[in-house]
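What follows is the content of protein12.txt, which has compact mmCIF, C-alpha atoms:
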```
# COMPACT_ATOMS: atom_id res chain seq x y z
CA PHE A 1 -54.22 14.99 -61.17
CA PRO A 2 -53.41 12.43 -58.47
CA CYS A 3 -49.82 12.45 -57.28
CA THR A 4 -49.46 8.74 -58.05
CA THR A 5 -49.85 9.60 -61.74
CA LEU A 6 -46.45 11.27 -61.55
CA PHE A 7 -44.83 8.02 -60.53
CA ARG A 8 -45.94 5.85 -63.43
CA SER A 9 -43.14 4.68 -65.69
CA GLU A 10 -44.42 6.74 -68.63
CA ALA A 11 -44.55 9.95 -66.57
CA GLY A 12 -40.79 10.56 -66.49
CA ASP A 13 -40.83 14.26 -67.34
CA ALA A 14 -43.62 15.07 -64.91
CA ALA A 15 -41.95 13.02 -62.19
CA ALA A 16 -38.64 14.82 -62.81
CA GLN A 17 -40.32 18.22 -62.47
CA PHE A 18 -42.10 17.12 -59.30
CA ALA A 19 -38.89 15.68 -57.79
CA ALA A 20 -36.95 18.85 -58.59
CA ARG A 21 -39.57 20.99 -56.87
CA LEU A 22 -39.64 18.72 -53.82
CA ALA A 23 -35.82 18.69 -53.64
CA ALA A 24 -35.76 22.51 -53.83
CA ALA A 25 -38.38 22.79 -51.09
CA LEU A 26 -36.48 20.47 -48.78
CA GLY A 27 -33.15 22.06 -49.65
CA ASP A 28 -34.02 25.45 -48.21
CA TYR A 29 -34.66 23.88 -44.77
CA ARG A 30 -37.84 25.89 -44.25
CA SER A 31 -40.05 22.84 -44.69
CA HIS A 32 -40.37 19.97 -42.23
CA SER A 33 -38.79 17.15 -44.21
CA GLU A 34 -39.98 14.42 -41.87
CA ASP A 35 -43.52 15.12 -43.08
CA PHE A 36 -42.52 14.14 -46.63
CA GLY A 37 -40.76 10.87 -45.88
CA ASP A 38 -43.52 8.65 -47.26
CA LEU A 39 -43.72 10.75 -50.42
CA ALA A 40 -39.95 10.66 -50.91
CA CYS A 41 -39.93 6.90 -50.35
CA THR A 42 -42.63 6.41 -52.99
CA LEU A 43 -40.65 8.53 -55.43
CA PHE A 44 -37.48 6.50 -54.86
CA ASP A 45 -39.44 3.29 -55.21
CA LEU A 46 -41.24 4.07 -58.48
CA GLN A 47 -38.91 6.61 -60.12
CA PRO A 48 -35.51 5.82 -58.58
CA LEU A 49 -33.27 7.37 -61.26
CA VAL A 50 -35.37 10.54 -61.29
CA ALA A 51 -35.23 10.76 -57.50
CA LEU A 52 -31.50 10.14 -57.33
CA ASP A 53 -30.82 12.83 -59.93
CA ALA A 54 -33.07 15.31 -58.14
CA PHE A 55 -31.88 14.78 -54.58
CA LEU A 56 -28.30 13.55 -54.82
CA SER A 57 -26.72 14.58 -58.11
CA LYS A 58 -25.79 18.08 -56.96
CA PRO A 59 -23.91 18.96 -53.76
CA ASN A 60 -25.92 20.93 -51.22
CA PRO A 61 -23.74 23.08 -48.93
CA LYS A 62 -26.62 23.30 -46.44
CA ARG A 63 -26.85 19.52 -46.09
CA HIS A 64 -24.24 19.13 -43.35
CA LEU A 65 -25.78 15.90 -42.06
CA GLY A 66 -26.61 14.38 -45.44
CA PHE A 67 -29.90 13.70 -47.13
CA ARG A 68 -30.36 10.61 -44.95
CA ALA A 69 -30.54 12.67 -41.76
CA ARG A 70 -33.64 14.52 -42.97
CA PHE A 71 -35.77 11.38 -42.72
CA ILE A 72 -33.90 8.70 -40.77
CA ALA A 73 -35.59 9.19 -37.39
CA ARG A 74 -39.09 8.48 -38.70
CA HIS A 75 -38.67 6.71 -42.03
CA GLY A 76 -35.25 5.07 -42.17
CA SER A 77 -33.16 5.35 -45.31
CA VAL A 78 -35.56 6.63 -47.98
CA VAL A 79 -32.85 6.12 -50.63
CA GLN A 80 -33.17 2.41 -49.99
CA CYS A 81 -36.83 2.53 -50.93
CA ALA A 82 -35.29 2.17 -54.40
CA GLN A 83 -34.35 -1.28 -55.61
CA GLU A 84 -30.69 -2.14 -55.12
CA GLU A 85 -30.13 -2.68 -58.83
CA ALA A 86 -31.49 0.79 -59.59
CA LEU A 87 -29.08 2.36 -57.11
CA LEU A 88 -26.16 0.51 -58.63
CA GLN A 89 -27.27 1.45 -62.14
CA TRP A 90 -27.21 5.12 -61.14
CA VAL A 91 -23.80 4.74 -59.50
CA SER A 92 -22.31 2.89 -62.47
CA ALA A 93 -22.82 5.93 -64.72
CA ASP A 94 -20.24 7.85 -62.62
CA PRO A 95 -18.88 5.56 -59.91
CA GLN A 96 -16.06 7.84 -58.81
CA ASN A 97 -18.46 10.61 -57.78
CA ARG A 98 -21.68 8.74 -57.11
CA ALA A 99 -20.48 5.76 -55.06
CA PRO A 100 -19.41 7.97 -52.11
CA VAL A 101 -22.76 9.80 -52.25
CA ILE A 102 -24.74 6.57 -51.94
CA ALA A 103 -22.32 5.32 -49.27
CA ARG A 104 -23.48 8.15 -47.00
CA GLU A 105 -27.15 7.27 -47.47
CA ILE A 106 -27.46 3.49 -47.14
CA ASP A 107 -27.41 1.10 -44.19
CA ILE A 108 -23.92 -0.36 -44.24
CA PHE A 109 -24.31 -3.42 -42.02
CA GLU A 110 -26.63 -6.36 -41.61
CA LYS A 111 -26.95 -8.90 -38.83
CA LYS A 112 -26.81 -12.60 -39.50
CA LYS A 113 -27.50 -15.28 -36.97
CA ALA A 114 -24.38 -17.06 -35.81
CA ASP A 115 -24.21 -20.84 -35.79
CA THR A 116 -25.69 -21.08 -32.33
CA PHE A 117 -29.08 -21.75 -30.85
CA GLY A 118 -29.32 -18.26 -29.35
CA LEU A 119 -32.06 -15.97 -30.52
CA ASP A 120 -30.89 -12.64 -29.08
CA ASP A 121 -28.60 -10.01 -30.56
CA ALA A 122 -25.64 -11.55 -28.79
CA SER A 123 -25.86 -14.49 -31.16
CA SER A 124 -25.86 -12.25 -34.26
CA GLU A 125 -22.86 -11.50 -36.42
CA VAL A 126 -22.49 -8.06 -37.99
CA GLU A 127 -21.38 -8.00 -41.60
CA LEU A 128 -20.98 -5.37 -44.30
CA SER A 129 -24.26 -5.20 -46.18
CA PRO A 130 -24.36 -6.61 -49.73
CA LEU A 131 -25.11 -3.16 -51.16
CA ALA A 132 -22.18 -1.60 -49.31
CA SER A 133 -19.91 -4.39 -50.58
CA ARG A 134 -21.07 -3.86 -54.15
CA LEU A 135 -20.47 -0.11 -53.87
CA LEU A 136 -16.88 -0.75 -52.85
CA ALA A 137 -16.46 -3.12 -55.77
CA LEU A 138 -17.81 -0.51 -58.21
CA ALA A 139 -15.67 2.36 -56.97
CA PRO A 140 -12.36 2.98 -58.76
CA ASP A 141 -11.07 4.40 -55.47
CA LYS A 142 -12.33 2.80 -52.26
CA ALA A 143 -11.18 5.59 -49.94
CA PRO A 144 -13.99 8.10 -50.72
CA VAL A 145 -16.62 5.36 -50.34
CA LEU A 146 -15.19 4.37 -46.98
CA GLN A 147 -15.23 8.03 -45.95
CA GLY A 148 -18.91 8.04 -46.92
CA PHE A 149 -19.47 5.11 -44.59
CA ASN A 150 -17.94 7.23 -41.81
CA ARG A 151 -21.12 9.31 -41.70
CA HIS A 152 -22.78 6.43 -39.86
CA PHE A 153 -20.27 6.64 -37.02
CA HIS A 154 -21.44 10.15 -36.13
CA PRO A 155 -25.21 9.86 -35.50
CA SER A 156 -27.12 13.09 -35.15
CA TYR A 157 -29.48 11.51 -32.63
CA TRP A 158 -29.74 8.33 -30.57
CA SER A 159 -31.77 6.80 -27.78
CA GLY A 160 -30.03 5.18 -24.84
CA SER A 161 -26.27 5.36 -24.68
CA LEU A 162 -24.01 6.25 -27.57
CA ALA A 163 -22.09 3.04 -26.88
CA GLN A 164 -25.22 0.99 -27.58
CA THR A 165 -25.94 2.95 -30.75
CA LEU A 166 -22.42 2.47 -32.10
CA ALA A 167 -22.05 -1.15 -30.96
CA PRO A 168 -22.91 -2.73 -34.35
CA TYR A 169 -20.59 -0.31 -36.16
CA GLN A 170 -17.81 -1.19 -33.75
CA ALA A 171 -18.42 -4.89 -34.37
CA LEU A 172 -18.34 -4.28 -38.12
CA SER A 173 -15.13 -2.26 -37.90
CA GLU A 174 -13.47 -4.89 -35.72
CA LYS A 175 -14.24 -7.47 -38.37
CA LEU A 176 -13.05 -5.28 -41.25
CA ALA A 177 -9.85 -4.39 -39.39
CA ASN A 178 -8.59 -7.78 -40.58
CA HIS A 179 -9.71 -7.26 -44.18
CA ALA A 180 -7.40 -8.50 -46.93
CA ASP A 181 -7.44 -5.07 -48.57
CA PRO A 182 -5.06 -2.82 -46.59
CA VAL A 183 -7.10 0.28 -47.47
CA VAL A 184 -10.22 -1.21 -45.90
CA ALA A 185 -8.30 -2.56 -42.91
CA ALA A 186 -6.63 0.80 -42.18
CA TRP A 187 -9.96 2.61 -42.48
CA ALA A 188 -11.62 0.19 -40.05
CA GLN A 189 -8.82 0.55 -37.49
CA GLU A 190 -9.06 4.34 -37.63
CA ALA A 191 -12.86 4.20 -37.36
CA LEU A 192 -12.59 2.05 -34.25
CA GLU A 193 -10.33 4.55 -32.57
CA VAL A 194 -12.60 7.48 -33.45
CA MET A 195 -15.66 5.66 -32.10
CA ARG A 196 -13.87 4.68 -28.89
CA GLN A 197 -12.84 8.28 -28.26
CA ARG A 198 -16.33 9.57 -28.93
CA ILE A 199 -17.93 6.98 -26.63
CA GLU A 200 -15.48 7.86 -23.86
CA HIS A 201 -16.23 11.57 -24.31
CA ASP A 202 -19.97 10.84 -24.17
CA ARG A 203 -19.52 8.87 -20.93
CA GLU A 204 -17.52 11.68 -19.36
CA MET A 205 -20.19 14.20 -20.33
CA HIS A 206 -22.88 11.95 -18.83
CA ILE A 207 -20.95 11.63 -15.56
CA ARG A 208 -20.48 15.40 -15.32
CA GLU A 209 -24.19 15.95 -15.95
CA GLU A 210 -25.12 13.49 -13.19
CA GLN A 211 -22.66 15.10 -10.78
CA SER A 212 -24.10 18.55 -11.47
CA PHE A 213 -27.45 17.40 -10.07
CA GLU A 214 -25.98 16.03 -6.85
```
As structure tokens, please, write out the structure in this file.
Amino acid sequence: FPCTTLFRSEAGDAAAQFAARLAAALGDYRSHSEDFGDLACTLFDLQPLVALDAFLSKPNPKRHLGFRARFIARHGSVVQCAQEEALLQWVSADPQNRAPVIAREIDIFEKKKADTFGLDDASSEVELSPLASRLLALAPDKAPVLQGFNRHFHPSYWSGSLAQTLAPYQALSEKLANHADPVVAAWAQEALEVMRQRIEHDREMHIREEQSFE
């Protein structure tokens, strides 16, 4: 029967079986996951709790870059195809273990226009996303959630310079370095230093590559 039948609210068991099979297929890394991004997004949209259980409830030792990395280049964060309330409902059942998992998968910043008349990115302020903020509030221990956010500071791919790619995360960390919670502030300060070192290393590598062609 049509695949969309699996995603109707009354088709929970069938959707769970389908999600488990898809998760197993993607987990062995023999299939091209980018080809299934639209399907995964639909599953997270219409059967979010089923999808979260299938893809994220069990650790996968092969998933060094996280579930997000399988789809991010073409589809963005497929986990966020689910409604925010559904994600938080899933996390609230076991916040200590689940909040860090979701922290690795979601977009952690958003840009808001500053109180200026500018229309370019220079006039935008970077803030922690509402979902990321709510995850921190749910977690009994903020440290593992913040460590989950760290995954975003180590992109597996980027276009242009690494400095440009990490710029919004640097802006976010600079802002959070003054956070009232010392745990958050210390994490942000450490993240800034790690990003600065990585950007400097990337620049040095780029210079050496250019010199090798001279």
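Between Leu192 (chain A) and the candidates A:His206, A:Lys175, A:Lys112, A:Arg21, the tightest atom-to-atom separation, counting only C-alpha atoms, involves A:Lys175.
When all atoms listed in the file are used to compute distances to Ile108 (chain A), the closest of the residues A:Gly160, A:Pro95, A:Pro130, A:Pro140 turns out to be A:Pro130.
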Hey, could you pull the box centre and edge lengths for region 80-88 of chain A, axis-aligned, 8 Å padding per side, all listed atoms, to one decimal in Å, as AutoDock Vina command-line options?
```
--center_x -31.5 --center_y -0.1 --center_z -54.8 --size_x 26.7 --size_y 21.2 --size_z 25.6
```
Proximity to Leu176 (chain A) - best of A:Val194, A:Ala163, A:Leu87, A:Leu146, only C-alpha atoms: A:Leu146
At a cut-off of 12 Å around the point (-25.0, 13.2, -59.4) (file coordinates), what residues fall inside when counting all atoms listed in the file? I'd like the answer as a ChimeraX atom specification. /A:49-60,87,90-102
Residues within 8 Å of Phe109 (chain A), please, as a PyMOL selection string. Count only C-alpha atoms; anything in the same chain fewer than 5 positions from it doesn't count. chain A and resi 126-129+132+168-169+172
Using only C-alpha atoms, the best pick from A:Gln47, A:Thr42, A:Ser156, A:Gln89 as closest to Leu135 (chain A) would be A:Gln89
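Between CA of Val78 (chain A) and CA of Leu46 (chain A) the separation is 12.2 Å.
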Neighbour list for Glu84 (chain A) as a PyMOL selection string, cut-off 10 Å, only C-alpha atoms, skip fewer than 6 positions in-chain: chain A and resi 48+130-131+134
Might you pull out every residue within 7 Å of Ile106 (chain A), with all atoms listed in the file counted and same-chain residues fewer than 6 positions away left off, and present them as a PyMOL selection string? chain A and resi 77+79-80
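You will find CA of Leu39 (chain A) at 28.3 Å from CA of Lys111 (chain A).
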